[in-house]
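Dropping final-v6.pdb in here (PDB, C-alpha atoms, pLDDT in the B column):
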MODEL        1
ATOM      1  CA  MET V   1    -120.533-120.108  59.606  1.00 63.00           C
ATOM      2  CA  GLY V   2    -122.859-122.973  60.298  1.00 62.00           C
ATOM      3  CA  ALA V   3    -126.408-123.229  59.040  1.00 67.00           C
ATOM      4  CA  ASP V   4    -127.843-123.741  62.534  1.00 70.00           C
ATOM      5  CA  GLU V   5    -126.854-125.123  65.964  1.00 75.00           C
ATOM      6  CA  PHE V   6    -126.704-128.726  64.699  1.00 77.00           C
ATOM      7  CA  HIS V   7    -125.230-128.137  61.236  1.00 79.00           C
ATOM      8  CA  PHE V   8    -122.077-126.232  62.133  1.00 81.00           C
ATOM      9  CA  ALA V   9    -119.011-125.204  60.185  1.00 88.00           C
ATOM     10  CA  ARG V  10    -116.132-122.842  60.892  1.00 91.00           C
ATOM     11  CA  GLY V  11    -112.849-121.806  59.344  1.00 93.00           C
ATOM     12  CA  THR V  12    -111.617-119.624  56.504  1.00 94.00           C
ATOM     13  CA  ALA V  13    -112.342-120.017  52.787  1.00 95.00           C
ATOM     14  CA  ARG V  14    -110.181-118.361  50.132  1.00 95.00           C
ATOM     15  CA  LEU V  15    -110.514-118.440  46.359  1.00 94.00           C
ATOM     16  CA  VAL V  16    -106.922-118.340  45.096  1.00 94.00           C
ATOM     17  CA  GLN V  17    -105.546-118.006  41.566  1.00 92.00           C
ATOM     18  CA  THR V  18    -102.823-120.676  41.378  1.00 91.00           C
ATOM     19  CA  ALA V  19    -101.899-120.079  37.719  1.00 89.00           C
ATOM     20  CA  PRO V  20    -103.335-117.979  34.897  1.00 89.00           C
ATOM     21  CA  GLY V  21    -106.927-119.145  34.474  1.00 85.00           C
ATOM     22  CA  ARG V  22    -106.687-121.716  37.322  1.00 92.00           C
ATOM     23  CA  LEU V  23    -108.486-121.213  40.625  1.00 95.00           C
ATOM     24  CA  THR V  24    -108.409-123.201  43.858  1.00 97.00           C
ATOM     25  CA  LEU V  25    -110.714-123.010  46.857  1.00 97.00           C
ATOM     26  CA  ARG V  26    -108.585-123.201  50.013  1.00 97.00           C
ATOM     27  CA  LEU V  27    -110.290-124.171  53.294  1.00 96.00           C
ATOM     28  CA  GLU V  28    -108.109-123.316  56.310  1.00 96.00           C
ATOM     29  CA  ASP V  29    -108.510-124.254  59.982  1.00 96.00           C
ATOM     30  CA  PHE V  30    -111.756-125.831  58.866  1.00 94.00           C
ATOM     31  CA  SER V  31    -114.210-127.886  60.921  1.00 94.00           C
ATOM     32  CA  VAL V  32    -117.708-129.114  60.110  1.00 93.00           C
ATOM     33  CA  ARG V  33    -120.118-131.587  61.712  1.00 91.00           C
ATOM     34  CA  ASN V  34    -119.940-134.902  59.890  1.00 92.00           C
ATOM     35  CA  GLY V  35    -122.800-135.755  57.551  1.00 91.00           C
ATOM     36  CA  PRO V  36    -123.748-138.606  55.223  1.00 91.00           C
ATOM     37  CA  ASP V  37    -123.157-137.025  51.796  1.00 95.00           C
ATOM     38  CA  LEU V  38    -121.205-133.767  52.135  1.00 96.00           C
ATOM     39  CA  PHE V  39    -119.944-131.883  49.084  1.00 97.00           C
ATOM     40  CA  VAL V  40    -118.152-128.565  48.562  1.00 97.00           C
ATOM     41  CA  TYR V  41    -119.725-125.931  46.288  1.00 97.00           C
ATOM     42  CA  LEU V  42    -119.176-122.361  45.177  1.00 97.00           C
ATOM     43  CA  SER V  43    -122.449-120.452  45.098  1.00 96.00           C
ATOM     44  CA  PRO V  44    -123.722-117.160  43.665  1.00 95.00           C
ATOM     45  CA  ASP V  45    -125.652-116.548  46.913  1.00 94.00           C
ATOM     46  CA  PRO V  46    -123.570-115.113  49.812  1.00 92.00           C
ATOM     47  CA  LYS V  47    -125.706-117.136  52.261  1.00 89.00           C
ATOM     48  CA  GLY V  48    -125.147-120.512  50.612  1.00 87.00           C
ATOM     49  CA  TYR V  49    -126.700-122.924  48.154  1.00 86.00           C
ATOM     50  CA  ALA V  50    -128.440-121.480  45.090  1.00 89.00           C
ATOM     51  CA  LYS V  51    -129.142-122.322  41.472  1.00 90.00           C
ATOM     52  CA  GLY V  52    -125.920-122.069  39.488  1.00 90.00           C
ATOM     53  CA  ALA V  53    -123.699-123.427  42.276  1.00 94.00           C
ATOM     54  CA  ILE V  54    -120.481-125.095  41.107  1.00 96.00           C
ATOM     55  CA  GLU V  55    -119.688-128.497  42.617  1.00 97.00           C
ATOM     56  CA  LEU V  56    -116.027-128.891  43.592  1.00 97.00           C
ATOM     57  CA  GLY V  57    -116.210-132.435  44.933  1.00 97.00           C
ATOM     58  CA  ARG V  58    -116.881-134.580  47.959  1.00 97.00           C
ATOM     59  CA  LEU V  59    -115.723-133.127  51.286  1.00 97.00           C
ATOM     60  CA  LYS V  60    -112.221-134.534  51.947  1.00 96.00           C
ATOM     61  CA  ALA V  61    -112.387-134.433  55.761  1.00 96.00           C
ATOM     62  CA  THR V  62    -114.350-132.806  58.574  1.00 95.00           C
ATOM     63  CA  ASP V  63    -111.308-131.067  60.082  1.00 96.00           C
ATOM     64  CA  GLY V  64    -108.121-129.536  58.706  1.00 97.00           C
ATOM     65  CA  SER V  65    -106.949-127.454  55.759  1.00 97.00           C
ATOM     66  CA  PHE V  66    -107.312-128.575  52.141  1.00 94.00           C
ATOM     67  CA  ASN V  67    -107.700-127.440  48.534  1.00 97.00           C
ATOM     68  CA  TYR V  68    -110.379-127.962  45.874  1.00 98.00           C
ATOM     69  CA  SER V  69    -109.689-127.193  42.218  1.00 97.00           C
ATOM     70  CA  VAL V  70    -112.306-125.089  40.471  1.00 97.00           C
ATOM     71  CA  PRO V  71    -113.219-126.792  37.158  1.00 95.00           C
ATOM     72  CA  ALA V  72    -111.534-125.154  34.167  1.00 91.00           C
ATOM     73  CA  GLY V  73    -113.860-122.811  32.317  1.00 89.00           C
ATOM     74  CA  SER V  74    -116.094-122.172  35.356  1.00 90.00           C
ATOM     75  CA  SER V  75    -117.438-118.651  35.534  1.00 87.00           C
ATOM     76  CA  VAL V  76    -116.735-117.343  39.023  1.00 89.00           C
ATOM     77  CA  ALA V  77    -117.630-113.692  38.399  1.00 88.00           C
ATOM     78  CA  GLN V  78    -120.923-114.117  40.270  1.00 91.00           C
ATOM     79  CA  ILE V  79    -119.637-116.460  43.012  1.00 94.00           C
ATOM     80  CA  ARG V  80    -120.324-115.084  46.510  1.00 95.00           C
ATOM     81  CA  SER V  81    -119.786-118.040  48.873  1.00 95.00           C
ATOM     82  CA  ALA V  82    -118.148-121.392  49.467  1.00 95.00           C
ATOM     83  CA  MET V  83    -120.386-123.925  51.107  1.00 94.00           C
ATOM     84  CA  ILE V  84    -120.811-127.434  52.453  1.00 95.00           C
ATOM     85  CA  TRP V  85    -123.990-129.145  51.256  1.00 94.00           C
ATOM     86  CA  CYS V  86    -125.467-132.555  52.076  1.00 93.00           C
ATOM     87  CA  ARG V  87    -126.765-133.864  48.744  1.00 93.00           C
ATOM     88  CA  ALA V  88    -128.643-136.831  50.247  1.00 94.00           C
ATOM     89  CA  PHE V  89    -130.894-134.606  52.387  1.00 91.00           C
ATOM     90  CA  SER V  90    -130.575-131.229  50.606  1.00 90.00           C
ATOM     91  CA  VAL V  91    -129.277-129.568  53.768  1.00 90.00           C
ATOM     92  CA  GLN V  92    -126.680-126.841  54.056  1.00 92.00           C
ATOM     93  CA  PHE V  93    -124.090-127.457  56.783  1.00 92.00           C
ATOM     94  CA  GLY V  94    -122.183-124.200  56.421  1.00 90.00           C
ATOM     95  CA  ALA V  95    -121.224-121.309  54.177  1.00 92.00           C
ATOM     96  CA  ALA V  96    -118.419-118.761  54.004  1.00 92.00           C
ATOM     97  CA  GLN V  97    -119.060-115.461  52.262  1.00 93.00           C
ATOM     98  CA  LEU V  98    -116.338-114.646  49.734  1.00 93.00           C
ATOM     99  CA  ARG V  99    -115.258-111.009  49.442  1.00 85.00           C
ATOM    100  CA  GLU V 100    -112.675-109.264  47.292  1.00 77.00           C
TER     101      GLU V 100
ENDMDL
END
As C-alpha cells, the full file:
Amino acid sequence: MGADEFHFARGTARLVQTAPGRLTLRLEDFSVRNGPDLFVYLSPDPKGYAKGAIELGRLKATDGSFNYSVPAGSSVAQIRSAMIWCRAFSVQFGAAQLRE
C-alpha cells in the first residue's frame, strides 16, 4: 500500500527462504511512484519505517518483479513489513505488511 495519494506503491511482497539460513525478499507485480533516493527495507513496524529496519539496497526499478537478498546474519524474527523509503527526504513511499 502507498503512504498517501502521491506516494503510492502496490504489489505483493514475500519473504522466502531460498536455502538454509538464506532469505530473499520477493516483490511481485510491483509498482511505485518514482522518487529521488528510493531504498528497500524490512521493518519491525507493520506500517513501515522504524528503528531497527534492515536495508536491502537501492530500489532496482519502479515496476516489475524482483528479488533482494537479506544480509546474512540478519535477525528477521521481529520483521513485520517490507517498505520503500526515500532516504534523501525521509519519506515512506509504501509498505507491505508481512504475515506468516
Q. Taking the file as shown, what set of residues would the PyMOL selection byres ((chain V and resi 41) around 7) give back, as a PyMOL selection string?
A. chain V and resi 39-40+42-43+53-56+82-84
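For range 13-19 of chain V, the set of protein, DNA and RNA residues having any atom at most 7 Å away, when counting only C-alpha atoms and skipping those fewer than 4 positions along the same chain, is Leu23, Thr24, Leu25, Arg26, Leu27, Glu28, Ala82 and Ala96 of chain V.
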Q) Do you know which residues the PyMOL selection byres ((chain V and resi 73) around 12) returns on this file, as a VMD selection string? A) chain V and resid 20 to 23 54 69 to 72 74 to 77
**Q.** Nearest to Arg33 in chain V by atom-to-atom distance, counting all atoms listed in the file, from V:Ala50, V:Val91, V:Ala9, V:Ala61
**A.**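 Nearest candidate to Arg33 in chain V out of V:Ala50, V:Val91, V:Ala9, V:Ala61: V:Ala9.
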Give the padded box for range 19-25 of chain V as lines of an AutoDock Vina configuration file: axis-aligned, covering all atoms listed in the file, 8 Å on each side, centre and edge lengths in Å to one decimal.
center_x = -106.3
center_y = -120.6
center_z = 40.7
size_x = 24.8
size_y = 21.2
size_z = 28.4
Q | Shortest interatomic distance to Arg99 in chain V - which of V:Ser81, V:Tyr68, V:Arg87, V:Pro44, counting all atoms listed in the file | A | V:Ser81
Q) Which is closest to Glu5 in chain V among V:Trp85, V:Asp29, V:Tyr49, V:Phe93, if we use all atoms listed in the file? A) V:Phe93
Q: Find the distance between CA of Cys86 in chain V and CA of Arg10 in chain V and write it in Å to one decimal.
A: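 Separating CA of Cys86 in chain V from CA of Arg10 in chain V is a distance of 16.1 Å.
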(Q) Suppose a student applies the PyMOL selection byres ((chain V and resi 36) around 9) to this structure; what residues should they get, written as a list in words? (A)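 Applied to this file, the PyMOL selection byres ((chain V and resi 36) around 9) returns Asn34, Gly35, Asp37, Leu38, Cys86, Arg87, Ala88 and Phe89 of chain V.
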Q | Interatomic distance, CA of Phe8 in chain V to CA of Gly48 in chain V (Å, one decimal) | A |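 So the two atoms, CA of Phe8 in chain V and CA of Gly48 in chain V, lie 13.2 Å apart.
CA of Phe66 in chain V is found 25.1 Å from CA of Lys51 in chain V.
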Any chance you could build range 50-83 of chain V out to N, CA and C atoms and write it as a short mmCIF file (atom, residue, chain, number, x, y, z; two decimals), in the frame of the given file?
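The new file result11.cif reads:
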data_model
loop_
_atom_site.label_atom_id
_atom_site.label_comp_id
_atom_site.auth_asym_id
_atom_site.auth_seq_id
_atom_site.Cartn_x
_atom_site.Cartn_y
_atom_site.Cartn_z
N ALA V 50 -127.52 -122.14 46.02
CA ALA V 50 -128.44 -121.48 45.09
C ALA V 50 -128.26 -122.10 43.71
N LYS V 51 -129.24 -121.87 42.86
CA LYS V 51 -129.14 -122.32 41.47
C LYS V 51 -127.87 -121.73 40.86
N GLY V 52 -127.16 -122.53 40.10
CA GLY V 52 -125.92 -122.07 39.49
C GLY V 52 -124.69 -122.37 40.31
N ALA V 53 -124.85 -123.07 41.45
CA ALA V 53 -123.70 -123.43 42.28
C ALA V 53 -122.79 -124.39 41.52
N ILE V 54 -121.49 -124.28 41.77
CA ILE V 54 -120.48 -125.10 41.11
C ILE V 54 -119.98 -126.15 42.09
N GLU V 55 -120.16 -127.42 41.75
CA GLU V 55 -119.69 -128.50 42.62
C GLU V 55 -118.18 -128.67 42.46
N LEU V 56 -117.47 -128.71 43.61
CA LEU V 56 -116.03 -128.89 43.59
C LEU V 56 -115.62 -130.30 44.00
N GLY V 57 -116.52 -131.06 44.57
CA GLY V 57 -116.21 -132.44 44.93
C GLY V 57 -116.68 -132.79 46.33
N ARG V 58 -116.51 -134.07 46.63
CA ARG V 58 -116.88 -134.58 47.96
C ARG V 58 -115.97 -133.96 49.01
N LEU V 59 -116.51 -133.66 50.18
CA LEU V 59 -115.72 -133.13 51.29
C LEU V 59 -114.62 -134.12 51.64
N LYS V 60 -113.38 -133.66 51.71
CA LYS V 60 -112.22 -134.53 51.95
C LYS V 60 -112.12 -134.98 53.40
N ALA V 61 -112.48 -134.12 54.33
CA ALA V 61 -112.39 -134.43 55.76
C ALA V 61 -113.21 -133.41 56.53
N THR V 62 -113.55 -133.73 57.77
CA THR V 62 -114.35 -132.81 58.57
C THR V 62 -113.50 -131.77 59.30
N ASP V 63 -112.19 -132.00 59.39
CA ASP V 63 -111.31 -131.07 60.08
C ASP V 63 -109.98 -130.95 59.34
N GLY V 64 -109.43 -129.73 59.31
CA GLY V 64 -108.12 -129.54 58.71
C GLY V 64 -108.09 -128.40 57.71
N SER V 65 -107.12 -128.44 56.82
CA SER V 65 -106.95 -127.45 55.76
C SER V 65 -106.72 -128.21 54.47
N PHE V 66 -107.45 -127.88 53.41
CA PHE V 66 -107.31 -128.57 52.14
C PHE V 66 -107.77 -127.72 50.99
N ASN V 67 -107.43 -128.18 49.77
CA ASN V 67 -107.70 -127.44 48.53
C ASN V 67 -108.68 -128.20 47.65
N TYR V 68 -109.47 -127.42 46.89
CA TYR V 68 -110.38 -127.96 45.87
C TYR V 68 -110.17 -127.17 44.60
N SER V 69 -109.87 -127.86 43.51
CA SER V 69 -109.69 -127.19 42.22
C SER V 69 -111.04 -126.78 41.66
N VAL V 70 -111.11 -125.57 41.15
CA VAL V 70 -112.31 -125.09 40.47
C VAL V 70 -112.22 -125.60 39.03
N PRO V 71 -113.28 -126.25 38.52
CA PRO V 71 -113.22 -126.79 37.16
C PRO V 71 -112.84 -125.71 36.14
N ALA V 72 -111.96 -126.08 35.22
CA ALA V 72 -111.53 -125.15 34.17
C ALA V 72 -112.75 -124.66 33.40
N GLY V 73 -112.76 -123.40 33.08
CA GLY V 73 -113.86 -122.81 32.32
C GLY V 73 -115.05 -122.37 33.16
N SER V 74 -114.99 -122.60 34.48
CA SER V 74 -116.09 -122.17 35.36
C SER V 74 -116.12 -120.65 35.46
N SER V 75 -117.29 -120.09 35.36
CA SER V 75 -117.44 -118.65 35.53
C SER V 75 -117.62 -118.35 37.02
N VAL V 76 -116.66 -117.65 37.60
CA VAL V 76 -116.74 -117.34 39.02
C VAL V 76 -117.05 -115.87 39.28
N ALA V 77 -117.37 -115.13 38.24
CA ALA V 77 -117.63 -113.69 38.40
C ALA V 77 -118.78 -113.42 39.36
N GLN V 78 -119.76 -114.32 39.41
CA GLN V 78 -120.92 -114.12 40.27
C GLN V 78 -120.86 -114.93 41.56
N ILE V 79 -119.76 -115.62 41.82
CA ILE V 79 -119.64 -116.46 43.01
C ILE V 79 -119.51 -115.58 44.25
N ARG V 80 -120.31 -115.89 45.29
CA ARG V 80 -120.32 -115.08 46.51
C ARG V 80 -120.05 -115.89 47.77
N SER V 81 -120.06 -117.25 47.68
CA SER V 81 -119.79 -118.04 48.87
C SER V 81 -119.23 -119.42 48.52
N ALA V 82 -118.55 -119.99 49.50
CA ALA V 82 -118.15 -121.39 49.47
C ALA V 82 -119.04 -122.08 50.49
N MET V 83 -119.46 -123.29 50.18
CA MET V 83 -120.39 -123.92 51.11
C MET V 83 -120.23 -125.43 51.16
#
